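Notes follow once the structure below has been shown.
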Amino acid sequence: MSKKSIRFFNDREVRAVWDEENSKWWFSATDIVRAINDEEDYVKAGNYWRWLKKKLNTDGIQLVSVTHDFKFQAPDGKQRFADALDSDCVQTLAENYPNNRARSFLHWFTYSDNSIDGQSKKKAYTLIESGLLDSMKPGTVECLKQIHAYIFGGLYDFAGQIRKKTIWKDGTLFCRAEYLMQNLRIIENMPESTFDEIVSKYVEMNVAHPFMEGNGRSTRIWLDLIFKARLKLCVDWSKIDKKAYLAAMRRSTTDARAIKSLLQGAMTDKIDDREMFMKGIDYSYYYEQSE
């Protein structure tokens, strides 16, 4: 199975496939057009890409790395070979786009991998592939600290460390620092034998917000480990809309029914599917992107 990645620009998917032989990502050309043009219709984006490719060739700009060697999912759900571009040619395309809409895309594409989010996402991929998650004890605070330490190690000096300051986010006050360790011990001992119990534990951990940054990305991995260990299930995060998820999590501090409903509708038994967990990382980071 090829290693795949999904990045999001203005809520549009930009899918990529890893080329093991040449150690680089190849990006869907049609997805790039959809993202730049903010085009909802996949067929229209495909038609525009074919026109643009011919225009660029006529103008003497040849995207030499265009390849048909990788498959992407078509609108009908089937996997089909499609044009893909490497990083150099993505930049060439954006720099020679017929209008200035590609400027912000190029800035995002050029710098997204070098940001803290971009670097920690790569580390999260490595964590999934390393097998280290199998050695962790699901549902424990130590497990969550290990996840956080791995994906943010070298990026934050507090990676894997429980915060000692009280924090707020979007008007929400998380557990006060002086009560945090006590609350974490209570959360760790919460039952986790049923779906409702597991989600309740997840909600309480979110309210605790044990780290200065990176809580959501770490805790969603932690949640999937509990589901996998206790119910032999995991979450297909691609089935959960970003706005619906964020709204449900905000409401969960007083009413967890919305987040339980969203998660219940996205459960899958594909717990040994590497692509499912990689896709989960992609969507987890997407949820954290600013509107």
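Residue numbering restarts at 1 for every chain of the structure tokens, chains are lettered A, B, ... in their displayed order, and ligands are numbered from 1 as they appear.
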
Show which residues sit within 7 Å of Tyr202 in chain A, as JSON, numbers by chain. Count only C-alpha atoms, and ignore same-chain residues fewer than 4 positions away. {"A": [198, 206, 223]}

Backbone DSSP call of strand (DSSP E) for range 70-270 of chain A, listed as an MDAnalysis selection string: chainID A and resid 70:73 79:85 168:169 172:173 234:235 267:268

Go ahead and write the residues just picked, C-alpha atoms, as a tab-separated table (two decimals), in the first residue's frame.
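Contents of the output file part.tsv:
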chain	number	residue	atom	x	y	z
A	70	PHE	CA	0.00	7.06	-9.14
A	71	LYS	CA	-3.66	6.47	-8.44
A	72	PHE	CA	-6.10	8.86	-6.76
A	73	GLN	CA	-9.73	8.28	-5.89
A	79	GLN	CA	-8.93	4.47	-7.81
A	80	ARG	CA	-7.63	5.77	-11.14
A	81	PHE	CA	-4.29	6.88	-12.51
A	82	ALA	CA	-4.04	10.66	-12.68
A	83	ASP	CA	-1.52	13.43	-13.30
A	84	ALA	CA	0.71	14.17	-10.32
A	85	LEU	CA	3.36	16.83	-9.74
A	168	TRP	CA	-7.79	29.85	28.02
A	169	LYS	CA	-8.77	29.31	24.39
A	172	THR	CA	-12.95	28.65	27.33
A	173	LEU	CA	-11.12	28.28	30.64
A	234	CYS	CA	-11.21	3.29	15.57
A	235	VAL	CA	-12.49	6.56	14.14
A	267	MET	CA	-16.54	4.23	13.75
A	268	THR	CA	-14.80	1.55	11.69

Considering only C-alpha atoms, tabulate each residue of range 227-261 of chain A that lies at most 12 Å from range 2-11 of chain A along with its nearest interatomic pair and the corresponding distance in Å to one decimal; arrange the rows by chain and ascending residue number and present them as CSV.
residue,atom,partner,partner_atom,distance
A:Ser238,CA,A:Ile6,CA,10.2
A:Asp241,CA,A:Asp11,CA,10.5
A:Lys242,CA,A:Asp11,CA,9.1
A:Lys243,CA,A:Asp11,CA,10.6

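Minimum atom-to-atom distances from A:Val66, A:Asn189, A:Tyr285, A:Val90 to Pro138 in chain A were compared using only C-alpha atoms, and the lowest value belongs to A:Asn189.
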
From a DSSP calculation on the backbone, collect every residue of range 55-145 of chain A in alpha helix (DSSP H) and output the set as a JSON list (two decimals) with N, CA and C atoms, in the first residue's frame.
[["chain", "number", "residue", "atom", "x", "y", "z"],
["A", 55, "LYS", "N", -1.92, 24.84, -22.31],
["A", 55, "LYS", "CA", -1.53, 26.24, -22.43],
["A", 55, "LYS", "C", -0.07, 26.44, -22.00],
["A", 56, "LEU", "N", 0.29, 25.83, -20.89],
["A", 56, "LEU", "CA", 1.66, 25.97, -20.40],
["A", 56, "LEU", "C", 2.66, 25.37, -21.39],
["A", 57, "ASN", "N", 2.30, 24.23, -21.98],
["A", 57, "ASN", "CA", 3.17, 23.61, -22.98],
["A", 57, "ASN", "C", 3.35, 24.53, -24.19],
["A", 58, "THR", "N", 2.24, 25.17, -24.61],
["A", 58, "THR", "CA", 2.29, 26.11, -25.73],
["A", 58, "THR", "C", 3.18, 27.30, -25.42],
["A", 87, "SER", "N", 7.18, 18.53, -5.91],
["A", 87, "SER", "CA", 7.19, 19.85, -5.28],
["A", 87, "SER", "C", 7.71, 20.93, -6.21],
["A", 88, "ASP", "N", 8.76, 20.63, -6.96],
["A", 88, "ASP", "CA", 9.33, 21.63, -7.87],
["A", 88, "ASP", "C", 8.32, 22.08, -8.91],
["A", 89, "CYS", "N", 7.59, 21.11, -9.45],
["A", 89, "CYS", "CA", 6.64, 21.46, -10.50],
["A", 89, "CYS", "C", 5.35, 22.08, -9.95],
["A", 90, "VAL", "N", 5.02, 21.79, -8.72],
["A", 90, "VAL", "CA", 3.90, 22.49, -8.09],
["A", 90, "VAL", "C", 4.23, 23.98, -8.01],
["A", 91, "GLN", "N", 5.45, 24.30, -7.64],
["A", 91, "GLN", "CA", 5.86, 25.69, -7.55],
["A", 91, "GLN", "C", 5.91, 26.34, -8.93],
["A", 92, "THR", "N", 6.40, 25.60, -9.94],
["A", 92, "THR", "CA", 6.42, 26.12, -11.30],
["A", 92, "THR", "C", 5.01, 26.42, -11.79],
["A", 93, "LEU", "N", 4.10, 25.51, -11.53],
["A", 93, "LEU", "CA", 2.70, 25.70, -11.91],
["A", 93, "LEU", "C", 2.12, 26.94, -11.26],
["A", 94, "ALA", "N", 2.31, 27.08, -9.95],
["A", 94, "ALA", "CA", 1.75, 28.22, -9.23],
["A", 94, "ALA", "C", 2.35, 29.54, -9.70],
["A", 95, "GLU", "N", 3.64, 29.54, -10.00],
["A", 95, "GLU", "CA", 4.31, 30.77, -10.44],
["A", 95, "GLU", "C", 3.87, 31.20, -11.83],
["A", 102, "ALA", "N", -3.02, 32.09, -7.32],
["A", 102, "ALA", "CA", -2.08, 31.05, -6.87],
["A", 102, "ALA", "C", -1.06, 31.57, -5.86],
["A", 103, "ARG", "N", -1.02, 32.89, -5.64],
["A", 103, "ARG", "CA", 0.01, 33.44, -4.75],
["A", 103, "ARG", "C", -0.12, 32.89, -3.33],
["A", 104, "SER", "N", -1.32, 32.97, -2.79],
["A", 104, "SER", "CA", -1.50, 32.50, -1.41],
["A", 104, "SER", "C", -1.30, 30.99, -1.32],
["A", 105, "PHE", "N", -1.69, 30.26, -2.39],
["A", 105, "PHE", "CA", -1.46, 28.81, -2.41],
["A", 105, "PHE", "C", 0.04, 28.51, -2.38],
["A", 106, "LEU", "N", 0.81, 29.23, -3.18],
["A", 106, "LEU", "CA", 2.25, 28.99, -3.24],
["A", 106, "LEU", "C", 2.90, 29.28, -1.89],
["A", 107, "HIS", "N", 2.47, 30.36, -1.25],
["A", 107, "HIS", "CA", 3.01, 30.69, 0.07],
["A", 107, "HIS", "C", 2.70, 29.56, 1.06],
["A", 108, "TRP", "N", 1.46, 29.07, 1.03],
["A", 108, "TRP", "CA", 1.06, 27.97, 1.92],
["A", 108, "TRP", "C", 1.86, 26.71, 1.61],
["A", 109, "PHE", "N", 1.98, 26.39, 0.33],
["A", 109, "PHE", "CA", 2.66, 25.16, -0.07],
["A", 109, "PHE", "C", 4.14, 25.21, 0.28],
["A", 110, "THR", "N", 4.76, 26.37, 0.09],
["A", 110, "THR", "CA", 6.19, 26.51, 0.32],
["A", 110, "THR", "C", 6.55, 26.41, 1.79],
["A", 111, "TYR", "N", 5.69, 26.98, 2.66],
["A", 111, "TYR", "CA", 6.06, 27.08, 4.06],
["A", 111, "TYR", "C", 5.33, 26.10, 4.99],
["A", 112, "SER", "N", 4.31, 25.43, 4.50],
["A", 112, "SER", "CA", 3.51, 24.58, 5.40],
["A", 112, "SER", "C", 4.33, 23.44, 6.00],
["A", 116, "ILE", "N", 5.75, 24.54, 12.54],
["A", 116, "ILE", "CA", 5.70, 23.58, 13.64],
["A", 116, "ILE", "C", 4.67, 22.51, 13.35],
["A", 117, "ASP", "N", 3.52, 22.92, 12.83],
["A", 117, "ASP", "CA", 2.49, 21.94, 12.48],
["A", 117, "ASP", "C", 3.00, 20.97, 11.42],
["A", 118, "GLY", "N", 3.67, 21.50, 10.40],
["A", 118, "GLY", "CA", 4.18, 20.64, 9.33],
["A", 118, "GLY", "C", 5.19, 19.65, 9.84],
["A", 119, "GLN", "N", 6.10, 20.10, 10.69],
["A", 119, "GLN", "CA", 7.13, 19.21, 11.22],
["A", 119, "GLN", "C", 6.54, 18.18, 12.19],
["A", 120, "SER", "N", 5.61, 18.62, 13.04],
["A", 120, "SER", "CA", 5.04, 17.68, 14.00],
["A", 120, "SER", "C", 4.15, 16.66, 13.30],
["A", 121, "LYS", "N", 3.53, 17.06, 12.19],
["A", 121, "LYS", "CA", 2.71, 16.12, 11.42],
["A", 121, "LYS", "C", 3.58, 15.00, 10.86],
["A", 122, "LYS", "N", 4.76, 15.36, 10.37],
["A", 122, "LYS", "CA", 5.69, 14.33, 9.88],
["A", 122, "LYS", "C", 6.07, 13.38, 11.01],
["A", 123, "LYS", "N", 6.28, 13.95, 12.20],
["A", 123, "LYS", "CA", 6.64, 13.11, 13.34],
["A", 123, "LYS", "C", 5.46, 12.21, 13.74],
["A", 124, "ALA", "N", 4.25, 12.72, 13.58],
["A", 124, "ALA", "CA", 3.06, 11.90, 13.88],
["A", 124, "ALA", "C", 2.96, 10.74, 12.90],
["A", 125, "TYR", "N", 3.26, 10.98, 11.62],
["A", 125, "TYR", "CA", 3.31, 9.89, 10.64],
["A", 125, "TYR", "C", 4.30, 8.81, 11.11],
["A", 126, "THR", "N", 5.49, 9.28, 11.51],
["A", 126, "THR", "CA", 6.53, 8.35, 11.93],
["A", 126, "THR", "C", 6.09, 7.55, 13.15],
["A", 127, "LEU", "N", 5.40, 8.21, 14.06],
["A", 127, "LEU", "CA", 4.90, 7.53, 15.26],
["A", 127, "LEU", "C", 3.94, 6.41, 14.88],
["A", 128, "ILE", "N", 3.06, 6.68, 13.94],
["A", 128, "ILE", "CA", 2.10, 5.67, 13.49],
["A", 128, "ILE", "C", 2.83, 4.48, 12.87],
["A", 129, "GLU", "N", 3.85, 4.78, 12.06],
["A", 129, "GLU", "CA", 4.55, 3.71, 11.34],
["A", 129, "GLU", "C", 5.56, 2.96, 12.20],
["A", 130, "SER", "N", 5.99, 3.56, 13.29],
["A", 130, "SER", "CA", 7.08, 2.99, 14.09],
["A", 130, "SER", "C", 6.67, 1.76, 14.90],
["A", 141, "VAL", "N", -2.52, 8.62, 31.50],
["A", 141, "VAL", "CA", -1.90, 9.93, 31.32],
["A", 141, "VAL", "C", -0.50, 9.77, 30.75],
["A", 142, "GLU", "N", 0.20, 8.74, 31.18],
["A", 142, "GLU", "CA", 1.55, 8.48, 30.67],
["A", 142, "GLU", "C", 1.54, 8.24, 29.17],
["A", 143, "CYS", "N", 0.54, 7.52, 28.69],
["A", 143, "CYS", "CA", 0.39, 7.27, 27.26],
["A", 143, "CYS", "C", 0.23, 8.59, 26.51],
["A", 144, "LEU", "N", -0.62, 9.46, 27.01],
["A", 144, "LEU", "CA", -0.85, 10.75, 26.37],
["A", 144, "LEU", "C", 0.42, 11.59, 26.38],
["A", 145, "LYS", "N", 1.16, 11.56, 27.47],
["A", 145, "LYS", "CA", 2.42, 12.30, 27.56],
["A", 145, "LYS", "C", 3.43, 11.76, 26.55]]

I'd like the neighbourhood of Ser252 in chain A as a list in words, where a residue qualifies if any of its atoms comes within 10 Å (using only C-alpha atoms), though same-chain residues fewer than 5 positions away should be ignored. Ser200, Val203, Glu204, Asn206, Val207, Leu246, Ala247, Arg257, Ala258, Ile259 and Lys260 of chain A

Export of the given selection (C-alpha atoms) as a PDB file, in the first residue's frame:
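Output below, filename out12.pdb:
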ATOM      1  CA  SER A 200     -16.832  10.717  28.225  1.00  0.00           C
ATOM      2  CA  VAL A 203     -14.266  14.826  26.692  1.00  0.00           C
ATOM      3  CA  GLU A 204     -12.918  15.165  30.219  1.00  0.00           C
ATOM      4  CA  ASN A 206     -10.129  17.751  26.478  1.00  0.00           C
ATOM      5  CA  VAL A 207     -11.541  19.901  29.280  1.00  0.00           C
ATOM      6  CA  LEU A 246     -15.300  21.889  16.550  1.00  0.00           C
ATOM      7  CA  ALA A 247     -18.846  22.921  17.433  1.00  0.00           C
ATOM      8  CA  ARG A 257     -24.367  14.185  22.926  1.00  0.00           C
ATOM      9  CA  ALA A 258     -23.235  15.940  19.720  1.00  0.00           C
ATOM     10  CA  ILE A 259     -19.660  14.649  19.826  1.00  0.00           C
ATOM     11  CA  LYS A 260     -20.875  11.159  20.714  1.00  0.00           C
TER      12      LYS A 260
END

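The smallest atom-to-atom distance between Arg230 in chain A and any of A:Gly280, A:Pro75, A:Gly139, A:Gly216, using only C-alpha atoms, is found for A:Gly139.
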
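Taking CA of Ala266 in chain A as the reference point, CA of Thr219 in chain A is found at 17.0 Å.
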
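A straight line drawn from CA of Lys24 in chain A to CA of Lys279 in chain A is 18.1 Å long.
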
Taken to one decimal, the CA of Leu263 in chain A-CA of Ser193 in chain A distance is 16.0 Å

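Every protein, DNA or RNA residue with an atom at most 9 Å from range 183-186 of chain A, where only C-alpha atoms count and chain neighbours fewer than 3 positions away do not, is listed here: Thr140, Val141, Cys175, Tyr179, Leu180, Asn189, Met190, Glu204, Met205, Ala208 and Pro210 of chain A.
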
Filtering to N, CA, C and O atoms, could you give me those residues as an mmCIF file, in the first residue's frame?
data_model
loop_
_atom_site.group_PDB
_atom_site.id
_atom_site.type_symbol
_atom_site.label_atom_id
_atom_site.label_comp_id
_atom_site.auth_asym_id
_atom_site.auth_seq_id
_atom_site.Cartn_x
_atom_site.Cartn_y
_atom_site.Cartn_z
ATOM 1 N N THR A 140 -4.117 5.948 29.672
ATOM 2 C CA THR A 140 -3.356 6.484 30.791
ATOM 3 C C THR A 140 -2.808 7.870 30.462
ATOM 4 O O THR A 140 -2.638 8.225 29.289
ATOM 5 N N VAL A 141 -2.524 8.624 31.501
ATOM 6 C CA VAL A 141 -1.901 9.930 31.319
ATOM 7 C C VAL A 141 -0.500 9.769 30.747
ATOM 8 O O VAL A 141 -0.069 10.548 29.894
ATOM 9 N N CYS A 175 -8.920 23.469 32.791
ATOM 10 C CA CYS A 175 -8.663 23.157 34.201
ATOM 11 C C CYS A 175 -7.529 24.016 34.758
ATOM 12 O O CYS A 175 -6.455 24.128 34.155
ATOM 13 N N TYR A 179 -5.154 22.488 40.038
ATOM 14 C CA TYR A 179 -5.992 21.295 40.194
ATOM 15 C C TYR A 179 -5.739 20.248 39.113
ATOM 16 O O TYR A 179 -6.363 19.179 39.126
ATOM 17 N N LEU A 180 -4.850 20.548 38.186
ATOM 18 C CA LEU A 180 -4.711 19.721 36.985
ATOM 19 C C LEU A 180 -4.255 18.299 37.295
ATOM 20 O O LEU A 180 -4.863 17.329 36.812
ATOM 21 N N ASN A 189 -8.566 7.185 35.836
ATOM 22 C CA ASN A 189 -9.295 6.079 36.472
ATOM 23 C C ASN A 189 -10.736 5.955 36.009
ATOM 24 O O ASN A 189 -11.462 5.069 36.489
ATOM 25 N N MET A 190 -11.172 6.817 35.104
ATOM 26 C CA MET A 190 -12.535 6.704 34.579
ATOM 27 C C MET A 190 -12.675 5.394 33.804
ATOM 28 O O MET A 190 -11.734 4.936 33.154
ATOM 29 N N GLU A 204 -13.515 14.655 28.987
ATOM 30 C CA GLU A 204 -12.918 15.165 30.219
ATOM 31 C C GLU A 204 -11.437 15.493 30.027
ATOM 32 O O GLU A 204 -10.933 16.476 30.581
ATOM 33 N N MET A 205 -10.754 14.697 29.219
ATOM 34 C CA MET A 205 -9.345 14.994 28.961
ATOM 35 C C MET A 205 -9.214 16.280 28.149
ATOM 36 O O MET A 205 -8.284 17.075 28.355
ATOM 37 N N ALA A 208 -9.595 19.104 30.483
ATOM 38 C CA ALA A 208 -8.385 19.261 31.299
ATOM 39 C C ALA A 208 -7.296 19.991 30.520
ATOM 40 O O ALA A 208 -6.588 20.831 31.057
ATOM 41 N N PRO A 210 -4.168 19.146 29.179
ATOM 42 C CA PRO A 210 -2.968 19.027 30.025
ATOM 43 C C PRO A 210 -1.704 19.718 29.518
ATOM 44 O O PRO A 210 -0.773 19.925 30.290
#

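Compared by their closest atoms to Ile32 in chain A, and using only C-alpha atoms, the residues A:Asp59, A:Asp86, A:Ile240, A:Met276 rank with A:Asp86 nearest.
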
Do a neighbour search on Trp49 in chain A at 8 Å with only C-alpha atoms, toss out local chain neighbours closer than 6 positions, and write the hits as an mmCIF file with N, CA, C and O atoms, in the first residue's frame.
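Contents of around.cif, as written:
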data_model
loop_
_atom_site.group_PDB
_atom_site.id
_atom_site.type_symbol
_atom_site.label_atom_id
_atom_site.label_comp_id
_atom_site.auth_asym_id
_atom_site.auth_seq_id
_atom_site.Cartn_x
_atom_site.Cartn_y
_atom_site.Cartn_z
ATOM 1 N N ALA A 29 -2.563 16.859 -9.459
ATOM 2 C CA ALA A 29 -2.651 18.108 -10.216
ATOM 3 C C ALA A 29 -4.068 18.681 -10.181
ATOM 4 O O ALA A 29 -4.254 19.893 -10.043
ATOM 5 N N THR A 30 -5.054 17.820 -10.282
ATOM 6 C CA THR A 30 -6.439 18.293 -10.248
ATOM 7 C C THR A 30 -6.784 18.897 -8.891
ATOM 8 O O THR A 30 -7.484 19.909 -8.810
ATOM 9 N N VAL A 33 -5.457 22.452 -8.697
ATOM 10 C CA VAL A 33 -6.332 23.376 -9.430
ATOM 11 C C VAL A 33 -7.599 23.664 -8.623
ATOM 12 O O VAL A 33 -8.047 24.814 -8.537
#
